[in-house]
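Shown next: start06.txt, containing compact mmCIF, C-alpha atoms and all ligand atoms.
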# COMPACT_ATOMS: atom_id res chain seq x y z
CA MET A 1 -27.38 36.80 -60.21
CA ALA A 2 -26.81 33.07 -60.57
CA ASP A 3 -24.43 31.28 -58.21
CA LEU A 4 -21.96 28.67 -59.36
CA LEU A 5 -20.79 26.27 -56.64
CA LEU A 6 -17.61 24.32 -57.34
CA GLY A 7 -16.48 21.16 -55.57
CA GLN A 8 -16.94 17.44 -55.70
CA VAL A 9 -20.58 16.76 -56.56
CA LEU A 10 -22.60 13.70 -55.53
CA ARG A 11 -26.05 13.02 -56.94
CA PHE A 12 -28.21 10.09 -57.98
CA ASP A 13 -29.91 9.09 -61.19
CA GLY A 14 -31.41 5.92 -59.79
CA ASP A 15 -32.09 4.09 -56.55
CA PRO A 16 -28.95 2.47 -55.09
CA MET A 17 -31.11 0.28 -52.82
CA VAL A 18 -32.13 -1.45 -56.08
CA ALA A 19 -29.34 -0.64 -58.55
CA GLY A 20 -26.35 -0.41 -56.18
CA GLU A 21 -23.65 2.24 -56.26
CA GLY A 22 -24.00 2.58 -60.06
CA ALA A 23 -27.06 4.74 -59.35
CA ALA A 24 -24.79 7.45 -57.93
CA ARG A 25 -23.02 10.08 -60.02
CA HIS A 26 -19.83 11.58 -58.65
CA ASP A 27 -17.88 14.37 -60.29
CA SER A 28 -14.59 15.14 -58.53
CA HIS A 29 -14.40 18.56 -60.22
CA GLY A 30 -18.05 19.35 -60.51
CA ALA A 31 -20.29 22.39 -60.40
CA VAL A 32 -23.86 23.26 -59.52
CA LEU A 33 -25.51 26.34 -61.01
CA VAL A 34 -28.19 27.88 -58.80
CA ASP A 35 -30.59 30.67 -59.74
CA GLN A 36 -33.78 31.97 -58.12
CA GLY A 37 -33.96 29.18 -55.59
CA ARG A 38 -33.50 26.35 -58.05
CA ILE A 39 -30.76 24.20 -59.47
CA VAL A 40 -30.33 25.23 -63.09
CA ALA A 41 -27.46 23.01 -64.21
CA VAL A 42 -25.02 20.42 -62.89
CA GLY A 43 -21.90 19.10 -64.60
CA PRO A 44 -18.13 19.37 -64.90
CA ALA A 45 -16.70 22.57 -63.39
CA GLU A 46 -14.87 23.73 -66.49
CA ARG A 47 -17.88 23.34 -68.75
CA LEU A 48 -20.25 25.22 -66.42
CA ARG A 49 -17.68 27.94 -65.74
CA SER A 50 -17.24 28.75 -69.40
CA ALA A 51 -20.96 28.47 -70.13
CA HIS A 52 -21.85 30.85 -67.27
CA PRO A 53 -19.09 33.45 -66.99
CA GLN A 54 -21.36 35.94 -65.22
CA ALA A 55 -22.25 33.62 -62.34
CA GLN A 56 -20.93 34.38 -58.87
CA VAL A 57 -18.44 31.57 -58.11
CA THR A 58 -18.04 29.91 -54.70
CA ASP A 59 -15.21 27.40 -54.82
CA TYR A 60 -15.48 24.71 -52.15
CA GLY A 61 -12.30 22.98 -53.29
CA ARG A 62 -12.25 19.28 -52.34
CA ALA A 63 -15.44 19.53 -50.26
CA LEU A 64 -18.47 17.52 -51.38
CA ILE A 65 -21.64 19.22 -52.61
CA SER A 66 -24.78 17.14 -52.00
CA ALA A 67 -28.49 17.67 -51.66
CA GLY A 68 -29.32 18.81 -48.13
CA PHE A 69 -30.37 16.08 -45.72
CA VAL A 70 -34.04 15.20 -45.36
CA ASP A 71 -35.09 13.97 -41.91
CA ALA A 72 -38.37 12.13 -42.39
CA HIS A 73 -39.56 11.77 -38.77
CA VAL A 74 -38.81 14.13 -35.88
CA HIS A 75 -40.48 15.59 -32.83
CA TYR A 76 -39.15 19.15 -32.70
CA PRO A 77 -40.82 19.70 -29.28
CA GLN A 78 -38.48 17.06 -27.83
CA THR A 79 -35.36 19.13 -28.62
CA ALA A 80 -34.62 20.14 -25.03
CA MET A 81 -35.10 16.63 -23.58
CA ILE A 82 -32.92 14.78 -26.10
CA ALA A 83 -30.57 12.25 -24.48
CA SER A 84 -32.65 11.68 -21.34
CA TRP A 85 -31.35 8.66 -19.50
CA GLY A 86 -33.03 5.28 -19.16
CA LYS A 87 -36.55 3.90 -19.73
CA ARG A 88 -38.25 2.17 -22.61
CA LEU A 89 -40.91 3.61 -24.88
CA ILE A 90 -44.04 3.92 -22.74
CA ASP A 91 -42.12 4.88 -19.57
CA TRP A 92 -39.99 7.27 -21.58
CA LEU A 93 -43.08 8.96 -23.01
CA ASN A 94 -44.67 9.34 -19.57
CA THR A 95 -41.51 10.39 -17.72
CA TYR A 96 -39.82 12.73 -20.15
CA THR A 97 -41.85 13.37 -23.28
CA PHE A 98 -45.29 14.27 -22.03
CA PRO A 99 -44.08 16.67 -19.30
CA GLU A 100 -41.89 18.46 -21.87
CA GLU A 101 -44.70 18.60 -24.44
CA MET A 102 -46.97 20.19 -21.76
CA ARG A 103 -44.68 23.22 -21.81
CA PHE A 104 -45.80 23.95 -25.38
CA ALA A 105 -49.06 25.32 -23.99
CA ASP A 106 -46.94 28.49 -23.86
CA PRO A 107 -46.60 29.82 -27.44
CA ALA A 108 -43.42 31.73 -26.52
CA TYR A 109 -41.76 28.49 -25.42
CA ALA A 110 -42.92 26.77 -28.63
CA ALA A 111 -41.40 29.57 -30.71
CA GLU A 112 -38.12 29.44 -28.77
CA ILE A 113 -37.75 25.68 -29.28
CA ALA A 114 -38.86 25.74 -32.92
CA ASN A 115 -36.18 28.32 -33.73
CA ARG A 116 -33.56 26.49 -31.69
CA TYR A 117 -34.45 23.20 -33.39
CA LEU A 118 -34.18 24.56 -36.94
CA ASP A 119 -30.90 26.34 -36.18
CA LEU A 120 -29.47 23.12 -34.74
CA THR A 121 -30.60 20.91 -37.58
CA LEU A 122 -29.38 23.37 -40.22
CA SER A 123 -25.99 23.31 -38.51
CA TYR A 124 -26.02 19.55 -39.15
CA GLY A 125 -26.90 20.02 -42.83
CA THR A 126 -30.58 19.09 -42.59
CA THR A 127 -32.67 21.31 -44.84
CA THR A 128 -36.05 19.54 -44.61
CA VAL A 129 -37.74 17.79 -41.68
CA CYS A 130 -41.10 16.12 -41.24
CA SER A 131 -42.08 16.94 -37.67
CA TYR A 132 -44.69 16.16 -35.09
CA ALA A 133 -45.72 19.24 -33.10
CA THR A 134 -47.63 18.88 -29.80
CA ILE A 135 -51.40 18.89 -29.30
CA HIS A 136 -51.26 22.70 -29.06
CA PRO A 137 -52.15 24.47 -32.32
CA ALA A 138 -49.63 27.23 -31.50
CA SER A 139 -46.85 24.63 -31.61
CA VAL A 140 -47.69 24.10 -35.30
CA ASP A 141 -47.68 27.83 -35.97
CA ALA A 142 -44.29 28.04 -34.23
CA ILE A 143 -42.50 25.50 -36.43
CA PHE A 144 -44.08 26.78 -39.65
CA GLU A 145 -43.26 30.41 -38.80
CA ALA A 146 -39.66 29.48 -37.97
CA ALA A 147 -39.33 27.48 -41.22
CA GLN A 148 -40.97 30.23 -43.26
CA ALA A 149 -38.48 32.77 -41.92
CA ARG A 150 -35.64 30.49 -43.07
CA GLY A 151 -37.19 29.69 -46.46
CA GLN A 152 -37.24 25.97 -45.66
CA ARG A 153 -39.40 23.20 -47.06
CA ILE A 154 -40.94 21.73 -43.91
CA TYR A 155 -43.63 19.17 -43.14
CA ALA A 156 -45.45 19.27 -39.80
CA GLY A 157 -48.75 18.69 -38.08
CA LYS A 158 -50.59 18.94 -34.79
CA THR A 159 -50.13 15.76 -32.75
CA CYS A 160 -53.55 14.38 -31.87
CA MET A 161 -54.18 12.42 -28.63
CA ASP A 162 -57.50 11.86 -26.90
CA ARG A 163 -56.56 9.17 -24.36
CA ASN A 164 -53.71 7.70 -22.29
CA ALA A 165 -51.88 10.98 -21.87
CA PRO A 166 -51.95 13.60 -19.10
CA GLU A 167 -54.99 15.86 -18.85
CA GLY A 168 -53.15 18.88 -20.26
CA LEU A 169 -52.16 16.94 -23.39
CA LEU A 170 -55.56 15.65 -24.46
CA ASP A 171 -57.80 16.87 -27.23
CA THR A 172 -60.96 15.12 -28.46
CA ALA A 173 -61.93 13.50 -31.75
CA GLN A 174 -63.87 16.64 -32.69
CA SER A 175 -61.34 19.25 -31.51
CA ALA A 176 -58.48 17.32 -33.14
CA TYR A 177 -60.42 17.35 -36.41
CA ASP A 178 -61.34 21.05 -36.10
CA ASP A 179 -57.86 22.23 -35.05
CA SER A 180 -56.08 20.09 -37.65
CA LYS A 181 -58.39 21.32 -40.40
CA ARG A 182 -57.91 24.96 -39.44
CA LEU A 183 -54.12 24.57 -39.34
CA LEU A 184 -54.12 22.66 -42.60
CA GLU A 185 -56.10 25.40 -44.33
CA LYS A 186 -53.84 28.04 -42.82
CA TRP A 187 -50.49 26.48 -43.74
CA HIS A 188 -50.68 23.73 -46.36
CA GLY A 189 -49.07 24.90 -49.57
CA VAL A 190 -48.05 28.30 -48.18
CA ASP A 191 -44.49 29.04 -49.36
CA ARG A 192 -42.62 25.74 -48.89
CA LEU A 193 -44.77 24.44 -46.02
CA SER A 194 -46.89 21.28 -45.98
CA TYR A 195 -49.37 20.21 -43.33
CA VAL A 196 -49.25 16.56 -42.23
CA ILE A 197 -52.26 14.92 -40.54
CA THR A 198 -50.73 13.56 -37.32
CA PRO A 199 -52.48 11.12 -34.98
CA ARG A 200 -49.64 10.26 -32.55
CA PHE A 201 -50.28 6.49 -32.43
CA SER A 202 -53.11 4.09 -31.69
CA PRO A 203 -52.50 3.87 -27.91
CA THR A 204 -53.23 7.60 -27.54
CA SER A 205 -56.09 7.89 -30.03
CA THR A 206 -59.56 6.39 -29.67
CA PRO A 207 -61.02 4.71 -32.75
CA GLU A 208 -63.28 7.79 -33.00
CA GLN A 209 -60.27 10.09 -33.21
CA LEU A 210 -58.55 7.88 -35.79
CA ALA A 211 -61.80 7.90 -37.79
CA ALA A 212 -61.92 11.71 -37.61
CA MET A 213 -58.35 11.84 -38.96
CA GLY A 214 -59.38 9.44 -41.73
CA THR A 215 -62.27 11.74 -42.62
CA LEU A 216 -59.98 14.76 -42.71
CA TRP A 217 -57.49 12.90 -44.91
CA ARG A 218 -60.26 12.01 -47.39
CA GLU A 219 -61.16 15.71 -47.55
CA TYR A 220 -57.52 16.75 -48.18
CA PRO A 221 -56.10 13.77 -50.07
CA ASP A 222 -52.88 15.50 -51.19
CA CYS A 223 -51.65 15.83 -47.58
CA LEU A 224 -49.37 13.30 -45.97
CA MET A 225 -50.45 11.43 -42.82
CA GLN A 226 -47.87 10.43 -40.20
CA THR A 227 -48.03 8.16 -37.17
CA HIS A 228 -46.09 5.44 -35.32
CA LEU A 229 -46.32 1.71 -35.95
CA SER A 230 -44.94 -1.33 -34.07
CA GLU A 231 -41.95 0.24 -32.34
CA GLN A 232 -41.71 -2.00 -29.25
CA PRO A 233 -43.25 -5.35 -28.28
CA ASP A 234 -44.97 -3.90 -25.15
CA GLU A 235 -46.57 -1.22 -27.28
CA CYS A 236 -47.84 -3.87 -29.73
CA ASP A 237 -49.33 -5.86 -26.81
CA TRP A 238 -51.01 -2.69 -25.56
CA VAL A 239 -52.51 -2.01 -28.99
CA ARG A 240 -53.83 -5.59 -29.10
CA SER A 241 -55.61 -5.06 -25.77
CA LEU A 242 -56.96 -1.64 -26.75
CA PHE A 243 -58.24 -2.82 -30.15
CA PRO A 244 -59.47 -6.40 -29.62
CA GLN A 245 -61.39 -6.35 -32.93
CA SER A 246 -58.38 -5.35 -35.05
CA ARG A 247 -56.44 -7.96 -37.02
CA ASP A 248 -53.15 -6.31 -36.08
CA TYR A 249 -51.60 -2.90 -35.30
CA LEU A 250 -51.73 -1.70 -38.92
CA ASP A 251 -55.42 -2.60 -39.03
CA THR A 252 -56.14 -0.03 -36.30
CA TYR A 253 -55.16 2.60 -38.90
CA GLU A 254 -56.37 0.78 -42.00
CA ALA A 255 -59.90 0.39 -40.59
CA GLN A 256 -60.16 4.18 -40.20
CA GLY A 257 -58.92 5.18 -43.65
CA LEU A 258 -55.33 5.82 -42.51
CA LEU A 259 -53.53 3.44 -44.88
CA ARG A 260 -52.72 4.45 -48.44
CA GLU A 261 -50.03 6.23 -50.45
CA GLY A 262 -48.93 9.26 -48.47
CA ALA A 263 -49.06 7.43 -45.13
CA LEU A 264 -45.79 7.58 -43.19
CA TYR A 265 -45.26 5.05 -40.44
CA GLY A 266 -42.36 5.64 -38.06
CA HIS A 267 -40.33 2.63 -36.81
CA ALA A 268 -42.36 -0.34 -38.19
CA ILE A 269 -40.09 -2.95 -36.63
CA TYR A 270 -42.45 -5.69 -35.43
CA LEU A 271 -44.55 -6.36 -38.54
CA THR A 272 -46.60 -9.45 -39.31
CA ASP A 273 -46.64 -10.96 -42.80
CA ARG A 274 -50.08 -9.48 -43.40
CA GLU A 275 -48.93 -6.02 -42.34
CA ARG A 276 -45.88 -6.17 -44.58
CA ALA A 277 -47.95 -7.28 -47.56
CA ARG A 278 -50.61 -4.59 -46.99
CA LEU A 279 -48.02 -1.82 -46.55
CA ILE A 280 -46.41 -2.79 -49.86
CA GLU A 281 -49.75 -3.17 -51.65
CA ALA A 282 -50.99 0.20 -50.34
CA GLY A 283 -47.77 2.02 -51.33
CA ALA A 284 -47.17 3.34 -47.81
CA SER A 285 -43.89 4.84 -46.61
CA LEU A 286 -41.89 3.51 -43.65
CA VAL A 287 -39.43 5.65 -41.73
CA HIS A 288 -36.36 4.03 -40.19
CA CYS A 289 -35.23 5.75 -36.99
CA PRO A 290 -32.02 3.91 -36.12
CA THR A 291 -30.55 5.99 -33.29
CA SER A 292 -33.93 6.00 -31.60
CA ASN A 293 -34.35 2.27 -32.06
CA THR A 294 -31.08 1.61 -30.28
CA PHE A 295 -31.43 4.42 -27.72
CA ILE A 296 -34.92 3.40 -26.52
CA GLY A 297 -34.05 -0.27 -27.07
CA SER A 298 -36.72 -0.87 -29.70
CA GLY A 299 -35.11 -3.29 -32.15
CA LEU A 300 -33.67 -3.79 -35.62
CA PHE A 301 -35.55 -2.46 -38.65
CA ASP A 302 -35.55 -4.69 -41.74
CA MET A 303 -33.87 -2.62 -44.44
CA GLY A 304 -34.72 -5.35 -46.94
CA LEU A 305 -38.10 -3.61 -47.18
CA ALA A 306 -36.47 -0.66 -48.96
CA THR A 307 -36.61 -2.46 -52.31
CA ARG A 308 -40.36 -3.01 -51.93
CA LEU A 309 -41.69 0.28 -50.60
CA ARG A 310 -40.64 3.85 -49.84
CA VAL A 311 -38.27 3.93 -46.86
CA GLY A 312 -37.03 7.17 -45.36
CA LEU A 313 -34.37 7.78 -42.75
CA ALA A 314 -34.87 9.86 -39.62
CA THR A 315 -33.40 11.00 -36.34
CA ASP A 316 -36.70 10.76 -34.40
CA THR A 317 -35.46 13.59 -32.15
CA GLY A 318 -35.68 13.31 -29.12
CA GLY A 319 -36.24 9.50 -28.95
CA GLY A 320 -33.26 9.51 -31.26
CA SER A 321 -30.02 10.52 -29.60
CA SER A 322 -28.77 12.92 -32.26
CA PHE A 323 -29.82 15.77 -34.55
CA SER A 324 -27.32 14.59 -37.16
CA MET A 325 -28.20 12.66 -40.30
CA LEU A 326 -24.52 11.63 -40.52
CA ARG A 327 -24.84 9.95 -37.12
CA THR A 328 -28.17 8.52 -38.27
CA MET A 329 -26.56 6.99 -41.38
CA ALA A 330 -23.90 5.45 -39.14
CA ALA A 331 -26.57 3.91 -36.92
CA ALA A 332 -28.45 2.61 -39.97
CA TYR A 333 -25.22 0.99 -41.12
CA GLU A 334 -24.66 -0.63 -37.73
CA ILE A 335 -28.21 -1.92 -37.45
CA ALA A 336 -28.07 -3.40 -40.94
CA GLN A 337 -24.78 -5.08 -39.99
CA LEU A 338 -26.54 -6.73 -37.04
CA ARG A 339 -29.07 -8.08 -39.56
CA GLY A 340 -26.29 -9.39 -41.81
CA GLN A 341 -26.46 -6.65 -44.43
CA ALA A 342 -23.73 -4.11 -45.22
CA LEU A 343 -25.33 -0.95 -46.57
CA HIS A 344 -23.08 0.72 -49.13
CA PRO A 345 -22.20 4.40 -48.54
CA SER A 346 -24.18 5.29 -51.67
CA GLN A 347 -27.24 3.61 -50.14
CA LEU A 348 -26.80 5.40 -46.82
CA TRP A 349 -26.41 8.77 -48.55
CA TRP A 350 -29.41 8.12 -50.76
CA LEU A 351 -31.56 7.17 -47.75
CA ALA A 352 -30.65 10.45 -46.01
CA THR A 353 -31.48 12.56 -49.09
CA GLN A 354 -33.51 11.18 -52.00
CA GLY A 355 -34.87 8.17 -50.10
CA SER A 356 -36.35 10.35 -47.38
CA ALA A 357 -37.63 12.80 -49.99
CA ARG A 358 -39.30 9.89 -51.76
CA ALA A 359 -40.89 8.73 -48.51
CA LEU A 360 -42.37 12.25 -48.31
CA HIS A 361 -43.45 12.13 -51.99
CA ALA A 362 -41.16 15.11 -52.63
CA GLU A 363 -38.44 13.39 -54.65
CA ASP A 364 -39.06 15.62 -57.65
CA ARG A 365 -38.38 18.77 -55.57
CA ILE A 366 -35.78 17.99 -52.90
CA GLY A 367 -33.16 15.41 -51.93
CA ASN A 368 -31.14 15.38 -55.15
CA ILE A 369 -29.11 17.62 -57.44
CA ALA A 370 -30.75 17.96 -60.84
CA PRO A 371 -31.95 20.82 -63.01
CA GLY A 372 -35.31 22.14 -61.82
CA MET A 373 -34.95 20.89 -58.26
CA GLU A 374 -35.02 23.25 -55.31
CA ALA A 375 -31.56 24.45 -54.31
CA ASP A 376 -31.26 22.94 -50.82
CA LEU A 377 -27.64 21.85 -50.58
CA VAL A 378 -25.09 20.78 -48.01
CA VAL A 379 -21.34 21.11 -48.50
CA ILE A 380 -19.37 18.45 -46.64
CA ASP A 381 -15.77 18.77 -45.49
CA LEU A 382 -14.40 15.24 -45.98
CA ALA A 383 -11.48 15.89 -43.60
CA SER A 384 -13.28 17.69 -40.77
CA THR A 385 -11.33 16.20 -37.86
CA PRO A 386 -7.82 14.73 -37.51
CA ALA A 387 -9.30 11.25 -37.04
CA ILE A 388 -11.37 11.50 -40.22
CA GLU A 389 -8.59 13.18 -42.20
CA GLN A 390 -6.08 10.42 -41.46
CA ALA A 391 -8.65 7.72 -42.28
CA THR A 392 -9.32 9.22 -45.72
CA ARG A 393 -5.70 9.92 -46.69
CA ARG A 394 -5.38 6.69 -48.68
CA ALA A 395 -8.89 6.74 -50.15
CA ASP A 396 -8.99 5.75 -53.81
CA THR A 397 -12.71 6.17 -54.37
CA ILE A 398 -15.33 8.68 -53.31
CA TRP A 399 -16.90 5.98 -51.13
CA GLU A 400 -13.64 5.37 -49.24
CA ALA A 401 -13.32 9.13 -48.84
CA LEU A 402 -16.92 9.55 -47.65
CA PHE A 403 -17.44 6.59 -45.33
CA PRO A 404 -15.27 7.86 -42.43
CA THR A 405 -17.35 11.06 -42.41
CA ILE A 406 -20.55 9.00 -42.37
CA MET A 407 -19.27 6.98 -39.42
CA MET A 408 -17.44 9.68 -37.44
CA GLY A 409 -18.63 13.03 -38.78
CA ASP A 410 -20.66 15.63 -36.93
CA ASP A 411 -21.52 19.30 -37.38
CA ARG A 412 -17.84 20.10 -37.91
CA ALA A 413 -18.17 18.32 -41.27
CA ILE A 414 -20.82 20.79 -42.45
CA ARG A 415 -18.92 23.47 -44.32
CA ALA A 416 -21.95 25.26 -45.76
CA VAL A 417 -25.69 24.94 -46.16
CA TRP A 418 -27.80 26.42 -48.95
CA VAL A 419 -31.55 26.77 -48.44
CA GLY A 420 -33.74 27.72 -51.38
CA GLY A 421 -30.74 28.97 -53.31
CA LYS A 422 -29.31 31.10 -50.48
CA GLU A 423 -26.25 30.27 -48.45
CA ARG A 424 -26.91 30.16 -44.71
CA ASN A 425 -23.47 29.51 -43.23
CA ALA A 426 -20.53 31.38 -44.61
CA PRO A 427 -17.62 29.00 -45.24
N1 LIG B 1 -44.54 6.62 -30.11
C1 LIG B 1 -45.51 7.52 -29.81
N2 LIG B 1 -44.99 8.73 -29.55
C2 LIG B 1 -43.66 8.61 -29.69
C3 LIG B 1 -42.58 9.52 -29.56
O1 LIG B 1 -42.74 10.70 -29.23
N3 LIG B 1 -41.33 9.01 -29.78
C4 LIG B 1 -41.14 7.72 -30.14
N4 LIG B 1 -39.90 7.29 -30.37
N5 LIG B 1 -42.13 6.85 -30.26
C5 LIG B 1 -43.38 7.28 -30.05
ZN ZN B 2 -41.65 9.48 -33.35
How does the structure come out when it is put into structure tokens?
Amino acid sequence: MADLLLGQVLRFDGDPMVAGEGAARHDSHGAVLVDQGRIVAVGPAERLRSAHPQAQVTDYGRALISAGFVDAHVHYPQTAMIASWGKRLIDWLNTYTFPEEMRFADPAYAAEIANRYLDLTLSYGTTTVCSYATIHPASVDAIFEAAQARGQRIYAGKTCMDRNAPEGLLDTAQSAYDDSKRLLEKWHGVDRLSYVITPRFSPTSTPEQLAAMGTLWREYPDCLMQTHLSEQPDECDWVRSLFPQSRDYLDTYEAQGLLREGALYGHAIYLTDRERARLIEAGASLVHCPTSNTFIGSGLFDMGLATRLRVGLATDTGGGSSFSMLRTMAAAYEIAQLRGQALHPSQLWWLATQGSARALHAEDRIGNIAPGMEADLVVIDLASTPAIEQATRRADTIWEALFPTIMMGDDRAIRAVWVGGKERNAP
């Protein structure tokens, strides 16, 4: 039987980074009709109610129905070490990240964390993530099995590293190619799962390993490829010394066939003019990780790029300090403010839904409410705490009503989550 969800409905029919808030559509008494995992219709509540009298009605009152959040860059294996104190990127990787990732040699631990991670992120309204696993193939199986059990659309891949990491976390160019290919053939396109070719970043991959990833990507061109780019100045210096022949950091990927549409680069803060121009020309996606960039002290992403290429938004768990895309929108707002730009609530919401989906080349399936799209939805309580409720009391517009939740909301604001047309959390 079809489900009819009633509430305020927020969706987009354009890109507010380009067109401004006019690209958003808000219906204060709206409805979304869901059947067999998909959105069938969206419109005014009264019209949909009378057109579909048989549908099972769930009335969310004044709560806001939106597409579920899409988190375009995470490391699910870093769930347990989130919010570890101190250190900058390279120290932080060596002190906290690599020891934790070593534990994923145990498939039972990988399964425990994968399930914990997806439960946590669903409780924050995130229905799709694009995740790094660890070098262990079983860590990829773990996240895909956990996502499959929940019916989620998930992107993930085996992290490849063949240098500058502890012994227990190293593969080789050949084994990274073989393992990635086997996992890709096992999982890519199964249910709602997509394999992502995942060299961690140039400091931990030899040119031979990057070349092997480039070869694999040419063999499976419809996959995405994810890596890190220019997150901290020390890291950029290190890349310069490791790759003396390369023109710049991006060139270490470009030279090995790892730059084209479908490439996702996390962070991308310290870009040269050539890199910016090539990223735009190639149609690559950048992923802004604002809580991570403040937490690890990386720097201020240039959101001006969002009008020129695909930009997604991400928590970067556990470099990021939160699982919440609400908190991530708040951090994106604050970082843009420090660069002299005030992102409108419609732009923040779009980045966390359709913008991230677009970065993943999945904007026709997820991240928006429109007929034919997959029914991954989040229902937001716009008065989830006394502080938020009192701040919204005088709101005249949806944006005034929504912005306090963006800035101060957490998992208490998540009233319900629908994944593939099924409700996960009872209201
Ligand atoms: N660069 C390479 N690996 C990582 C990681 O795990 N987290 C972050 N934030 N940056 C990275
Ligand atoms: Zn990352």
(request) For atom N5 of ligand LIG 1 (chain B) and atom CA of A:Ile154, quote the distance in Å rounded to one decimal. (result)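 Atom CA of A:Ile154 lies 20.2 Å from atom N5 of ligand LIG 1 (chain B).
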Centre and edges of the ligand LIG 1 (chain B) box, axis-aligned, 4 Å extra per side, as JSON:
{"center_x": -42.7, "center_y": 8.7, "center_z": -29.8, "size_x": 13.6, "size_y": 12.1, "size_z": 9.1}
(message) I'd like the contact shell of A:Gln347 - 9 Å cut-off, only C-alpha atoms, skipping same-chain residues fewer than 6 positions apart - returned as a list in words.
(response) Asp15, Pro16, Met17, Gly20, Glu21 and Gly355 of chain A
(request) Excluding stretch 314-328 of chain A and residues on its chain fewer than 6 positions from it, collect all residues at most 7 Å away from it, counting all atoms listed in the file, and give them as a ChimeraX atom specification. (result) /A:69,71-76,78-79,81-83,121,124,287-292,295-296,352,406-407,409-410
(request) Tell me which of A:Ala138, A:Pro199, A:Leu343, A:Val9 sits closest to A:Leu377, counting all atoms listed in the file. (result)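 Smallest separation from A:Leu377 among the options: A:Val9.
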For the interface of chain A with ligand LIG 1 (chain B) (cut-off 6 Å, counting all atoms listed in the file), please tabulate each contacting residue of chain A alongside its nearest pair of atoms and their separation in Å to one decimal, rows sorted by chain and increasing number, as a Markdown table.
| residue | atom | partner | partner_atom | distance |
| --- | --- | --- | --- | --- |
| A:Arg200 | CA | B:LIG1 | C1 | 5.7 |
| A:Phe201 | CA | B:LIG1 | C1 | 5.5 |
| A:His228 | CA | B:LIG1 | N1 | 5.6 |
| A:Gly319 | CA | B:LIG1 | N4 | 4.5 |
Selected residues, C-alpha atoms, written as a PDB file, in the coordinates of the input, please.
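Output contents, as saved in part_15.pdb:
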ATOM      1  CA  ARG A 200     -49.640  10.260 -32.550  1.00  0.00           C
ATOM      2  CA  PHE A 201     -50.280   6.490 -32.430  1.00  0.00           C
ATOM      3  CA  HIS A 228     -46.090   5.440 -35.320  1.00  0.00           C
ATOM      4  CA  GLY A 319     -36.240   9.500 -28.950  1.00  0.00           C
TER       5      GLY A 319
END
Subset file as a compact mmCIF listing (two decimals), in the first residue's frame: stretch 52-61 of chain A, N, CA, C and O atoms:
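Saved the output as part_23.txt:
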# COMPACT_ATOMS: atom_id res chain seq x y z
N HIS A 52 -5.58 10.28 -3.55
CA HIS A 52 -5.10 8.95 -3.11
C HIS A 52 -5.76 8.54 -1.80
O HIS A 52 -5.09 8.40 -0.77
N PRO A 53 -7.06 8.34 -1.82
CA PRO A 53 -7.79 8.07 -0.57
C PRO A 53 -7.39 6.75 0.10
O PRO A 53 -7.56 6.60 1.30
N GLN A 54 -6.81 5.83 -0.70
CA GLN A 54 -6.44 4.53 -0.12
C GLN A 54 -5.10 4.57 0.62
O GLN A 54 -4.77 3.64 1.35
N ALA A 55 -4.31 5.60 0.38
CA ALA A 55 -2.95 5.61 0.93
C ALA A 55 -2.97 5.68 2.45
O ALA A 55 -3.85 6.29 3.05
N GLN A 56 -1.99 5.03 3.04
CA GLN A 56 -1.83 5.07 4.50
C GLN A 56 -1.22 6.43 4.88
O GLN A 56 -0.12 6.76 4.44
N VAL A 57 -1.93 7.22 5.69
CA VAL A 57 -1.50 8.58 5.98
C VAL A 57 -0.65 8.64 7.26
O VAL A 57 -1.03 8.06 8.28
N THR A 58 0.50 9.31 7.18
CA THR A 58 1.26 9.65 8.39
C THR A 58 1.34 11.17 8.42
O THR A 58 1.92 11.78 7.51
N ASP A 59 0.74 11.76 9.44
CA ASP A 59 0.68 13.22 9.50
C ASP A 59 1.76 13.73 10.45
O ASP A 59 1.70 13.51 11.66
N TYR A 60 2.75 14.42 9.89
CA TYR A 60 3.85 14.96 10.70
C TYR A 60 3.58 16.40 11.16
O TYR A 60 4.50 17.06 11.66
N GLY A 61 2.39 16.88 10.93
CA GLY A 61 2.02 18.20 11.45
C GLY A 61 2.89 19.31 10.88
O GLY A 61 3.02 19.45 9.66
